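Peer 1: One structure, as structure tokens, below. Some questions next.
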Number of protein chains: 2
Amino acid sequence: MTEETPPALLDPARVPTRAGVLRAAAKVAAILPPTPLLPLDIDGQTIWCKAESLQPIGAFKIRGAWHRLTDLTPQQAAAGVVGVSSGNHAQGVAWAARRLGIAATIVMPNDAPQAKLAATRELGAEVVLYDRPGGEDRDAVARALIEGTGRTLVHAFGDPWVIEGQGSLAIEAAAQLQAATGAQFDTAIACCGGGGLSSGIALALPDARIFAVEPEGWDDVGRSLATGTIQRVESPPPTACDALQTPATYPINFAVLQARGVTATWVSEAEVRAAMRLAFARLHLVIEPGGAVALAAVMAGKVPVGPNTLVTLSGGNVDAALFAEVLSGTA
Amino acid sequence: MTEETPPALLDPARVPTRAGVLRAAAKVAAILPPTPLLPLDIDGQTIWCKAESLQPIGAFKIRGAWHRLTDLTPQQAAAGVVGVSSGNHAQGVAWAARRLGIAATIVMPNDAPQAKLAATRELGAEVVLYDRPGGEDRDAVARALIEGTGRTLVHAFGDPWVIEGQGSLAIEAAAQLQAATGAQFDTAIACCGGGGLSSGIALALPDARIFAVEPEGWDDVGRSLATGTIQRVESPPPTACDALQTPATYPINFAVLQARGVTATWVSEAEVRAAMRLAFARLHLVIEPGGAVALAAVMAGKVPVGPNTLVTLSGGNVDAALFAEVLSGTA
């Protein structure tokens, strides 16, 4: 593992690397116990589910936020950070900021789940709402908060540290699989919004096939990979997967996904709900819609399952009313 | 740790010991990864929740069953085992039996949750139903299945191996707390039906205060400890805590609970539901009613919380309809 000096913000020369993922994994392991890697039988084949819903903030986003904030210079830390997030990254940044004594402001959509808004505020962050249904540009809101303040933007997916931090999930899971069975992952299936987790896992597991799963109609990564250029979703349908409502991936993510030959697919809302019910019944886990898309793709046969397949259950922050509706089959 | 030769079934000289708990903990650690020990803030105090709902069978009962079945003689193993259980012990015995190639028959109540009946059968055990609402004696049903067959009874709580096996939960949790904070548990709060888990934890943590929590109206352990002799509940009310519907504890459990000065308390059905909702919202865990009583007692202020308190979240096997009702506040 090589030590790296954090370069300046938005330095185009700062690309995410596997060495960075390994460094992030070591930093995460020093502060957070591993989340369970749970075997699950699907039609006679065992898959390995990484229960990131059991992180202190209920999602894997704590990894990238921790890696980013611990690499700030003292001057950057003193000025504070600005995050942009539908909720899970918000909590990750807020958690890391509180732990490190850094001021955090988070730009969140006004239609984010109540549970995520409340949890972010409870962690001590200042929340600034933007009008997502009305089409307000969240990045512009963030820029206005940063301009002239010296604050550092901690982007939810298009940030090299964030990508490396999310990739630590796969390093941790690989060690768990090694300890349990002696095997290595040949396949990894990741929940995909902007592509932070997918690109991080793609860097972490250079020898595995990587699949990125998006919600139906929000398949910008899939269409970008198919066409070879970044595509933006236009007039996407409503989805329960609030964590994956990303209009377009960023070049930094796309470069990794494309270079690694990642395959993308999408799942329907009904397939997502079926996956949430299976995680409830068989794993006794509360998984939010956006955290269940990878499992949904396996159940629907939309991705191949190898002898040793990693499936991310990426978060569990779902409002009780929606979860009850899903269990009742009325959602 | 001393090695013990398993004595004959029902040998009154076979008492559960701390050495036996340590031996069980080593056997369990060799086959099952530790379940998470999750910190939870309750009114500004941190408690440590042991998420046994994440065991492969969704409950801690896998521990006692594994310890018992791995100590059978070859002759006993060849003859098979008979379990008596409302569901979680059933799955524990069935899981261990399948893994060891031992035939298992489980006597279960005809009003057990569908999820538990189905899961037990799926694990390859033969299920024999008895009429719990009608008051049929489950122990008599089990005796009839054993008589003249050479089969071994694996009792759900009144068995020395089972008690020691359940106690392994606290050995595992103590190692996790030590690794996380360097501290030792001063207080442990256990979900209590027949007292198998409570007595096992009482043996495992000789220096901690131990509390046993029962559902309202099913407080046979509490009344037994208060009067100094084993009391039986008469005409108990309905409860959602199917895992804790035990009419009376056994002398082998009572002896340990009494000797260790264990304190018992009870929680209402509404307090149980509030605990299930908190585990959902804050830990993203599916906890069944009987698995939430210890947390309910903490939330209701019915047990004292020390600087280092262990709280068992003992199982997660709950039907979807009931869980949805609890989340909706309609149950």
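So you can find residues: chains in the structure tokens are A, B, ... in the order shown, residues in each start at 1, and ligands are numbered from 1 in order.
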Select all residues from chain A having any atom no more than 6 Å from an atom of chain B (counting only C-alpha atoms, ignoring ligands), output as a PyMOL selection string.

Peer 2: chain A and resi 284-286+316+320+324+327

Peer 1: Suppose we keep C-alpha atoms; can you now write the selection as a compact mmCIF listing (two decimals), in the first residue's frame?

Peer 2:
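Output contents, as saved in selection.txt:
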# COMPACT_ATOMS: atom_id res chain seq x y z
CA HIS A 284 -34.19 -10.39 8.92
CA LEU A 285 -32.76 -7.19 7.53
CA VAL A 286 -34.46 -3.89 6.80
CA GLY A 316 -31.56 0.38 5.30
CA ALA A 320 -41.76 2.75 8.36
CA ALA A 324 -45.04 -1.72 5.95
CA LEU A 327 -44.42 -6.11 3.37

Peer 1: Report as a tab-separated table the residues of range 144-255 of chain A within 6 Å of range 69-88 of chain A, each with its shortest atom pair and distance in Å (one decimal), using only C-alpha atoms, ordered by chain and increasing residue number.

Peer 2:
residue	atom	partner	partner_atom	distance
A:Gly150	CA	A:Ala79	CA	5.7
A:Arg151	CA	A:Val81	CA	5.1
A:Thr152	CA	A:Val81	CA	4.7
A:Leu153	CA	A:Val82	CA	4.9
A:Val154	CA	A:Gly83	CA	5.0
A:His155	CA	A:Gly83	CA	6.0
A:Ala243	CA	A:Ser86	CA	6.0

Peer 1: With all heavy atoms retained, write the just-selected residues as an mmCIF file, in the first residue's frame.

Peer 2:
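So the final result, stored in again-v7.cif, reads:
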data_model
loop_
_atom_site.group_PDB
_atom_site.id
_atom_site.type_symbol
_atom_site.label_atom_id
_atom_site.label_comp_id
_atom_site.auth_asym_id
_atom_site.auth_seq_id
_atom_site.Cartn_x
_atom_site.Cartn_y
_atom_site.Cartn_z
ATOM 1 N N GLY A 150 -13.984 28.767 1.347
ATOM 2 C CA GLY A 150 -12.913 27.806 1.629
ATOM 3 C C GLY A 150 -13.417 26.427 1.976
ATOM 4 O O GLY A 150 -12.637 25.528 2.284
ATOM 5 N N ARG A 151 -14.756 26.251 1.947
ATOM 6 C CA ARG A 151 -15.309 24.936 2.252
ATOM 7 C C ARG A 151 -14.981 23.932 1.146
ATOM 8 O O ARG A 151 -14.826 24.305 -0.021
ATOM 9 C CB ARG A 151 -16.830 25.023 2.374
ATOM 10 C CG ARG A 151 -17.314 25.699 3.644
ATOM 11 C CD ARG A 151 -18.783 26.014 3.470
ATOM 12 N NE ARG A 151 -19.444 26.360 4.730
ATOM 13 C CZ ARG A 151 -20.660 26.871 4.791
ATOM 14 N NH1 ARG A 151 -21.359 27.088 3.688
ATOM 15 N NH2 ARG A 151 -21.197 27.159 5.947
ATOM 16 N N THR A 152 -14.933 22.665 1.509
ATOM 17 C CA THR A 152 -14.639 21.597 0.549
ATOM 18 C C THR A 152 -15.922 20.872 0.182
ATOM 19 O O THR A 152 -16.695 20.466 1.064
ATOM 20 C CB THR A 152 -13.647 20.587 1.171
ATOM 21 O OG1 THR A 152 -12.418 21.259 1.465
ATOM 22 C CG2 THR A 152 -13.368 19.427 0.213
ATOM 23 N N LEU A 153 -16.124 20.716 -1.127
ATOM 24 C CA LEU A 153 -17.263 19.926 -1.584
ATOM 25 C C LEU A 153 -16.936 18.440 -1.429
ATOM 26 O O LEU A 153 -15.879 17.988 -1.870
ATOM 27 C CB LEU A 153 -17.547 20.234 -3.062
ATOM 28 C CG LEU A 153 -18.638 19.372 -3.714
ATOM 29 C CD1 LEU A 153 -20.011 19.708 -3.149
ATOM 30 C CD2 LEU A 153 -18.640 19.537 -5.231
ATOM 31 N N VAL A 154 -17.862 17.710 -0.787
ATOM 32 C CA VAL A 154 -17.709 16.252 -0.721
ATOM 33 C C VAL A 154 -18.844 15.677 -1.551
ATOM 34 O O VAL A 154 -19.977 15.536 -1.078
ATOM 35 C CB VAL A 154 -17.754 15.733 0.731
ATOM 36 C CG1 VAL A 154 -17.493 14.219 0.744
ATOM 37 C CG2 VAL A 154 -16.714 16.450 1.578
ATOM 38 N N HIS A 155 -18.518 15.404 -2.805
ATOM 39 C CA HIS A 155 -19.561 14.955 -3.724
ATOM 40 C C HIS A 155 -19.980 13.526 -3.391
ATOM 41 O O HIS A 155 -19.179 12.723 -2.936
ATOM 42 C CB HIS A 155 -19.049 15.046 -5.162
ATOM 43 C CG HIS A 155 -20.143 14.929 -6.181
ATOM 44 N ND1 HIS A 155 -20.589 13.712 -6.635
ATOM 45 C CD2 HIS A 155 -20.894 15.868 -6.785
ATOM 46 C CE1 HIS A 155 -21.571 13.920 -7.499
ATOM 47 N NE2 HIS A 155 -21.774 15.236 -7.610
ATOM 48 N N ALA A 243 -32.390 6.716 -3.125
ATOM 49 C CA ALA A 243 -30.927 6.781 -3.022
ATOM 50 C C ALA A 243 -30.248 6.691 -4.386
ATOM 51 O O ALA A 243 -29.061 6.967 -4.499
ATOM 52 C CB ALA A 243 -30.419 5.657 -2.119
#

Peer 1: Which residues are close to Val28 in chain A, i.e. within 8 Å by only C-alpha atoms, leaving aside same-chain residues fewer than 4 positions away? Reply as a PyMOL selection string.

Peer 2: chain A and resi 24+32+63+66-67+168

Peer 1: Using only C-alpha atoms, find the one residue out of B:Ala144, B:Gln178, B:Leu257, B:Gly193 that sits nearest to Trp48 in chain B.

Peer 2: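 Checking each of B:Ala144, B:Gln178, B:Leu257, B:Gly193 against Trp48 in chain B, counting only C-alpha atoms, the winner is B:Gln178.
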
Peer 1: Identify, on the basis of only C-alpha atoms, every residue whose closest approach to Gly165 in chain B does not exceed 10 Å; exclude the query and any residue fewer than 3 positions from it along the same chain; express the result as number ranges by chain.

Peer 2: B: 16, 20-28, 60-68, 159-162, 168-169, 196-197, 200-201

Peer 1: Excluding Gln245 in chain A and its own-chain neighbours fewer than 4 positions away, which residues fall within 8 Å of it when counting only C-alpha atoms? Please give them as a VMD selection string.

Peer 2: chain A and resid 193 218 239 241

Peer 1: In Å, rounded to a single decimal, give me how far CA of Leu244 in chain A is from CA of Gly217 in chain A.

Peer 2: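 Atom-to-atom, CA of Gly217 in chain A and CA of Leu244 in chain A are spaced 11.0 Å apart.
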
Peer 1: Range 244-287 of chain B: which residues are alpha helix (DSSP H) by DSSP, as a ChimeraX atom specification?

Peer 2: /B:251-259,269-278

Peer 1: Could the residues in this selection be saved with all heavy atoms as a tab-separated table (two decimals), in the first residue's frame?

Peer 2:
chain	number	residue	atom	x	y	z
B	251	PRO	N	-36.14	-26.68	37.03
B	251	PRO	CA	-35.23	-26.56	38.18
B	251	PRO	C	-33.79	-26.25	37.78
B	251	PRO	O	-33.11	-25.48	38.45
B	251	PRO	CB	-35.32	-27.95	38.84
B	251	PRO	CG	-36.70	-28.44	38.49
B	251	PRO	CD	-36.97	-27.91	37.10
B	252	ILE	N	-33.34	-26.82	36.66
B	252	ILE	CA	-31.94	-26.61	36.25
B	252	ILE	C	-31.68	-25.15	35.92
B	252	ILE	O	-30.60	-24.62	36.19
B	252	ILE	CB	-31.60	-27.54	35.05
B	252	ILE	CG1	-30.09	-27.54	34.78
B	252	ILE	CG2	-32.37	-27.15	33.81
B	252	ILE	CD1	-29.67	-28.57	33.73
B	253	ASN	N	-32.70	-24.46	35.35
B	253	ASN	CA	-32.57	-23.03	35.06
B	253	ASN	C	-32.73	-22.21	36.33
B	253	ASN	O	-31.97	-21.28	36.61
B	253	ASN	CB	-33.61	-22.57	34.04
B	253	ASN	CG	-33.61	-23.42	32.79
B	253	ASN	OD1	-34.37	-24.38	32.70
B	253	ASN	ND2	-32.74	-23.10	31.85
B	254	PHE	N	-33.75	-22.58	37.10
B	254	PHE	CA	-34.08	-21.81	38.30
B	254	PHE	C	-32.91	-21.79	39.28
B	254	PHE	O	-32.62	-20.76	39.90
B	254	PHE	CB	-35.33	-22.41	38.95
B	254	PHE	CG	-35.86	-21.60	40.10
B	254	PHE	CD1	-36.26	-20.29	39.91
B	254	PHE	CD2	-35.95	-22.14	41.37
B	254	PHE	CE1	-36.75	-19.53	40.97
B	254	PHE	CE2	-36.43	-21.40	42.43
B	254	PHE	CZ	-36.83	-20.09	42.24
B	255	ALA	N	-32.23	-22.93	39.39
B	255	ALA	CA	-31.10	-23.02	40.32
B	255	ALA	C	-30.03	-21.99	39.96
B	255	ALA	O	-29.48	-21.32	40.85
B	255	ALA	CB	-30.51	-24.43	40.29
B	256	VAL	N	-29.74	-21.85	38.68
B	256	VAL	CA	-28.72	-20.88	38.26
B	256	VAL	C	-29.20	-19.45	38.48
B	256	VAL	O	-28.47	-18.61	39.03
B	256	VAL	CB	-28.36	-21.09	36.77
B	256	VAL	CG1	-27.43	-19.97	36.27
B	256	VAL	CG2	-27.72	-22.45	36.55
B	257	LEU	N	-30.44	-19.18	38.07
B	257	LEU	CA	-30.97	-17.82	38.18
B	257	LEU	C	-31.00	-17.38	39.64
B	257	LEU	O	-30.65	-16.24	39.97
B	257	LEU	CB	-32.38	-17.75	37.58
B	257	LEU	CG	-32.49	-18.07	36.08
B	257	LEU	CD1	-33.96	-18.11	35.64
B	257	LEU	CD2	-31.71	-17.07	35.24
B	258	GLN	N	-31.41	-18.29	40.51
B	258	GLN	CA	-31.51	-17.97	41.94
B	258	GLN	C	-30.11	-17.78	42.54
B	258	GLN	O	-29.87	-16.82	43.28
B	258	GLN	CB	-32.25	-19.11	42.64
B	258	GLN	CG	-32.92	-18.70	43.93
B	258	GLN	CD	-33.76	-19.83	44.50
B	258	GLN	OE1	-33.47	-21.01	44.32
B	258	GLN	NE2	-34.82	-19.47	45.21
B	259	ALA	N	-29.21	-18.70	42.20
B	259	ALA	CA	-27.86	-18.63	42.77
B	259	ALA	C	-27.15	-17.34	42.35
B	259	ALA	O	-26.37	-16.79	43.12
B	259	ALA	CB	-27.04	-19.84	42.33
B	269	GLU	N	-47.28	-5.52	25.96
B	269	GLU	CA	-47.27	-5.72	24.50
B	269	GLU	C	-46.96	-4.41	23.77
B	269	GLU	O	-46.25	-4.41	22.76
B	269	GLU	CB	-48.63	-6.27	24.04
B	269	GLU	CG	-48.98	-7.64	24.63
B	269	GLU	CD	-48.10	-8.77	24.11
B	269	GLU	OE1	-48.04	-8.96	22.89
B	269	GLU	OE2	-47.46	-9.44	24.94
B	270	ALA	N	-47.48	-3.31	24.28
B	270	ALA	CA	-47.21	-2.01	23.64
B	270	ALA	C	-45.73	-1.66	23.75
B	270	ALA	O	-45.13	-1.10	22.82
B	270	ALA	CB	-48.06	-0.92	24.27
B	271	GLU	N	-45.12	-1.98	24.89
B	271	GLU	CA	-43.68	-1.70	25.06
B	271	GLU	C	-42.85	-2.55	24.10
B	271	GLU	O	-41.83	-2.11	23.58
B	271	GLU	CB	-43.29	-1.93	26.53
B	271	GLU	CG	-43.82	-0.83	27.44
B	271	GLU	CD	-43.79	-1.18	28.93
B	271	GLU	OE1	-43.63	-2.38	29.28
B	271	GLU	OE2	-43.98	-0.25	29.74
B	272	VAL	N	-43.29	-3.79	23.88
B	272	VAL	CA	-42.59	-4.67	22.92
B	272	VAL	C	-42.67	-4.08	21.52
B	272	VAL	O	-41.67	-4.03	20.79
B	272	VAL	CB	-43.21	-6.08	22.95
B	272	VAL	CG1	-42.69	-6.92	21.79
B	272	VAL	CG2	-42.90	-6.76	24.28
B	273	ARG	N	-43.85	-3.61	21.13
B	273	ARG	CA	-44.00	-3.05	19.79
B	273	ARG	C	-43.14	-1.79	19.61
B	273	ARG	O	-42.55	-1.57	18.55
B	273	ARG	CB	-45.47	-2.74	19.51
B	273	ARG	CG	-46.33	-4.01	19.38
B	273	ARG	CD	-47.71	-3.70	18.82
B	273	ARG	NE	-48.49	-2.82	19.67
B	273	ARG	CZ	-49.33	-3.22	20.63
B	273	ARG	NH1	-49.50	-4.52	20.86
B	273	ARG	NH2	-50.00	-2.35	21.33
B	274	ALA	N	-43.07	-0.98	20.65
B	274	ALA	CA	-42.23	0.22	20.57
B	274	ALA	C	-40.76	-0.16	20.37
B	274	ALA	O	-40.03	0.50	19.62
B	274	ALA	CB	-42.40	1.07	21.84
B	275	ALA	N	-40.34	-1.23	21.01
B	275	ALA	CA	-38.95	-1.69	20.86
B	275	ALA	C	-38.71	-2.22	19.46
B	275	ALA	O	-37.65	-1.98	18.86
B	275	ALA	CB	-38.64	-2.76	21.90
B	276	MET	N	-39.69	-2.93	18.91
B	276	MET	CA	-39.54	-3.42	17.52
B	276	MET	C	-39.41	-2.25	16.55
B	276	MET	O	-38.61	-2.28	15.61
B	276	MET	CB	-40.75	-4.29	17.14
B	276	MET	CG	-40.81	-5.62	17.88
B	276	MET	SD	-42.38	-6.50	17.60
B	276	MET	CE	-42.19	-7.01	15.89
B	277	ARG	N	-40.19	-1.19	16.80
B	277	ARG	CA	-40.12	-0.01	15.92
B	277	ARG	C	-38.77	0.70	16.05
B	277	ARG	O	-38.21	1.18	15.07
B	277	ARG	CB	-41.28	0.95	16.22
B	277	ARG	CG	-42.63	0.44	15.69
B	277	ARG	CD	-43.69	1.53	15.73
B	277	ARG	NE	-44.15	1.80	17.09
B	277	ARG	CZ	-45.22	1.24	17.66
B	277	ARG	NH1	-45.95	0.38	16.98
B	277	ARG	NH2	-45.56	1.53	18.89
B	278	LEU	N	-38.25	0.76	17.28
B	278	LEU	CA	-36.95	1.42	17.46
B	278	LEU	C	-35.84	0.61	16.77
B	278	LEU	O	-34.96	1.19	16.12
B	278	LEU	CB	-36.62	1.58	18.95
B	278	LEU	CG	-35.40	2.48	19.21
B	278	LEU	CD1	-35.78	3.95	19.08
B	278	LEU	CD2	-34.78	2.22	20.57

Peer 1: Near Thr265 in chain A, counting only C-alpha atoms, which residues have an atom at most 12 Å away, once you skip same-chain residues fewer than 3 positions from it, shown as a short mmCIF file (atom, residue, chain, number, x, y, z; two decimals) with N, CA, C and O atoms, in the first residue's frame?

Peer 2:
data_model
loop_
_atom_site.label_atom_id
_atom_site.label_comp_id
_atom_site.auth_asym_id
_atom_site.auth_seq_id
_atom_site.Cartn_x
_atom_site.Cartn_y
_atom_site.Cartn_z
N ILE A 189 -22.03 -7.65 -7.58
CA ILE A 189 -23.22 -6.98 -8.09
C ILE A 189 -23.52 -5.81 -7.16
O ILE A 189 -23.77 -6.00 -5.97
N ALA A 190 -23.48 -4.60 -7.72
CA ALA A 190 -23.56 -3.39 -6.90
C ALA A 190 -24.80 -2.57 -7.21
O ALA A 190 -25.19 -2.43 -8.37
N CYS A 191 -25.39 -2.02 -6.16
CA CYS A 191 -26.45 -1.04 -6.32
C CYS A 191 -25.82 0.21 -6.94
O CYS A 191 -24.75 0.64 -6.51
N CYS A 192 -26.49 0.81 -7.91
CA CYS A 192 -25.86 1.90 -8.66
C CYS A 192 -26.77 3.12 -8.83
O CYS A 192 -27.86 3.02 -9.40
N GLY A 193 -26.30 4.26 -8.33
CA GLY A 193 -26.96 5.54 -8.58
C GLY A 193 -26.04 6.32 -9.51
O GLY A 193 -26.11 6.21 -10.72
N ILE A 210 -17.96 -7.32 -12.80
CA ILE A 210 -18.71 -6.35 -11.99
C ILE A 210 -20.00 -5.98 -12.72
O ILE A 210 -19.98 -5.67 -13.92
N PHE A 211 -21.12 -6.00 -11.98
CA PHE A 211 -22.41 -5.60 -12.53
C PHE A 211 -22.95 -4.43 -11.70
O PHE A 211 -22.88 -4.45 -10.47
N ALA A 212 -23.49 -3.43 -12.41
CA ALA A 212 -24.10 -2.28 -11.75
C ALA A 212 -25.60 -2.33 -12.03
O ALA A 212 -26.01 -2.52 -13.18
N VAL A 213 -26.40 -2.19 -10.98
CA VAL A 213 -27.85 -2.32 -11.13
C VAL A 213 -28.53 -1.01 -10.79
O VAL A 213 -28.33 -0.45 -9.71
N GLU A 214 -29.36 -0.54 -11.72
CA GLU A 214 -30.08 0.73 -11.54
C GLU A 214 -31.59 0.48 -11.50
O GLU A 214 -32.06 -0.58 -11.93
N PRO A 215 -32.36 1.44 -11.01
CA PRO A 215 -33.82 1.32 -11.08
C PRO A 215 -34.31 1.58 -12.51
O PRO A 215 -33.67 2.32 -13.26
N GLU A 216 -35.42 0.98 -12.84
CA GLU A 216 -36.00 1.16 -14.18
C GLU A 216 -36.21 2.65 -14.48
O GLU A 216 -36.73 3.40 -13.65
N GLY A 217 -35.77 3.06 -15.67
CA GLY A 217 -35.95 4.45 -16.08
C GLY A 217 -34.85 5.38 -15.57
O GLY A 217 -34.80 6.54 -15.96
N TRP A 218 -34.00 4.88 -14.66
CA TRP A 218 -32.89 5.67 -14.13
C TRP A 218 -31.57 5.03 -14.56
O TRP A 218 -30.58 5.05 -13.83
N ASP A 219 -31.59 4.48 -15.78
CA ASP A 219 -30.46 3.67 -16.26
C ASP A 219 -29.45 4.49 -17.04
O ASP A 219 -28.99 4.07 -18.11
N ASP A 220 -29.08 5.63 -16.47
CA ASP A 220 -28.10 6.47 -17.17
C ASP A 220 -26.75 5.77 -17.30
O ASP A 220 -26.08 5.88 -18.33
N VAL A 221 -26.33 5.06 -16.28
CA VAL A 221 -25.04 4.36 -16.36
C VAL A 221 -25.11 3.27 -17.43
O VAL A 221 -24.19 3.12 -18.24
N GLY A 222 -26.22 2.52 -17.45
CA GLY A 222 -26.37 1.48 -18.47
C GLY A 222 -26.34 2.05 -19.88
O GLY A 222 -25.63 1.53 -20.75
N ARG A 223 -27.04 3.16 -20.11
CA ARG A 223 -27.07 3.74 -21.45
C ARG A 223 -25.74 4.40 -21.79
O ARG A 223 -25.32 4.43 -22.94
N SER A 224 -25.07 4.92 -20.77
CA SER A 224 -23.75 5.52 -21.02
C SER A 224 -22.75 4.45 -21.43
O SER A 224 -21.99 4.63 -22.39
N LEU A 225 -22.77 3.32 -20.72
CA LEU A 225 -21.84 2.24 -21.07
C LEU A 225 -22.18 1.68 -22.45
O LEU A 225 -21.28 1.32 -23.22
N ALA A 226 -23.48 1.63 -22.77
CA ALA A 226 -23.88 1.06 -24.07
C ALA A 226 -23.47 1.97 -25.23
O ALA A 226 -23.10 1.50 -26.30
N VAL A 262 -17.46 -2.95 -16.94
CA VAL A 262 -18.62 -3.20 -16.09
C VAL A 262 -19.88 -3.31 -16.94
O VAL A 262 -20.04 -2.57 -17.94
N SER A 268 -37.18 -3.52 -12.09
CA SER A 268 -38.45 -2.81 -11.94
C SER A 268 -38.74 -2.54 -10.47
O SER A 268 -38.13 -3.14 -9.57
N VAL A 293 -31.63 -3.20 -4.97
CA VAL A 293 -31.65 -3.43 -6.42
C VAL A 293 -30.69 -4.54 -6.87
O VAL A 293 -30.99 -5.29 -7.80
N ALA A 294 -29.55 -4.67 -6.20
CA ALA A 294 -28.60 -5.72 -6.60
C ALA A 294 -29.21 -7.10 -6.33
O ALA A 294 -29.16 -8.00 -7.18
N ALA A 296 -32.35 -7.71 -6.11
CA ALA A 296 -33.48 -7.84 -7.05
C ALA A 296 -33.01 -8.35 -8.40
O ALA A 296 -33.68 -9.18 -9.03
N ALA A 297 -31.86 -7.88 -8.86
CA ALA A 297 -31.34 -8.31 -10.16
C ALA A 297 -30.99 -9.80 -10.14
O ALA A 297 -31.22 -10.52 -11.12
N VAL A 298 -30.44 -10.26 -9.00
CA VAL A 298 -30.13 -11.70 -8.87
C VAL A 298 -31.42 -12.51 -8.91
O VAL A 298 -31.55 -13.49 -9.66
N ALA A 300 -34.25 -11.79 -10.16
CA ALA A 300 -34.93 -11.71 -11.45
C ALA A 300 -34.12 -12.35 -12.57
O ALA A 300 -34.56 -12.35 -13.73
N GLY A 301 -32.95 -12.89 -12.25
CA GLY A 301 -32.12 -13.53 -13.26
C GLY A 301 -31.53 -12.55 -14.26
O GLY A 301 -31.18 -12.93 -15.38
N LYS A 302 -31.41 -11.27 -13.85
CA LYS A 302 -30.91 -10.26 -14.78
C LYS A 302 -29.38 -10.13 -14.75
O LYS A 302 -28.81 -9.38 -15.54
N VAL A 303 -28.76 -10.81 -13.80
CA VAL A 303 -27.29 -10.86 -13.75
C VAL A 303 -26.89 -12.31 -13.53
O VAL A 303 -27.62 -13.06 -12.87
N PRO A 304 -25.75 -12.73 -14.06
CA PRO A 304 -25.31 -14.10 -13.81
C PRO A 304 -24.75 -14.22 -12.39
O PRO A 304 -24.21 -13.25 -11.85
#
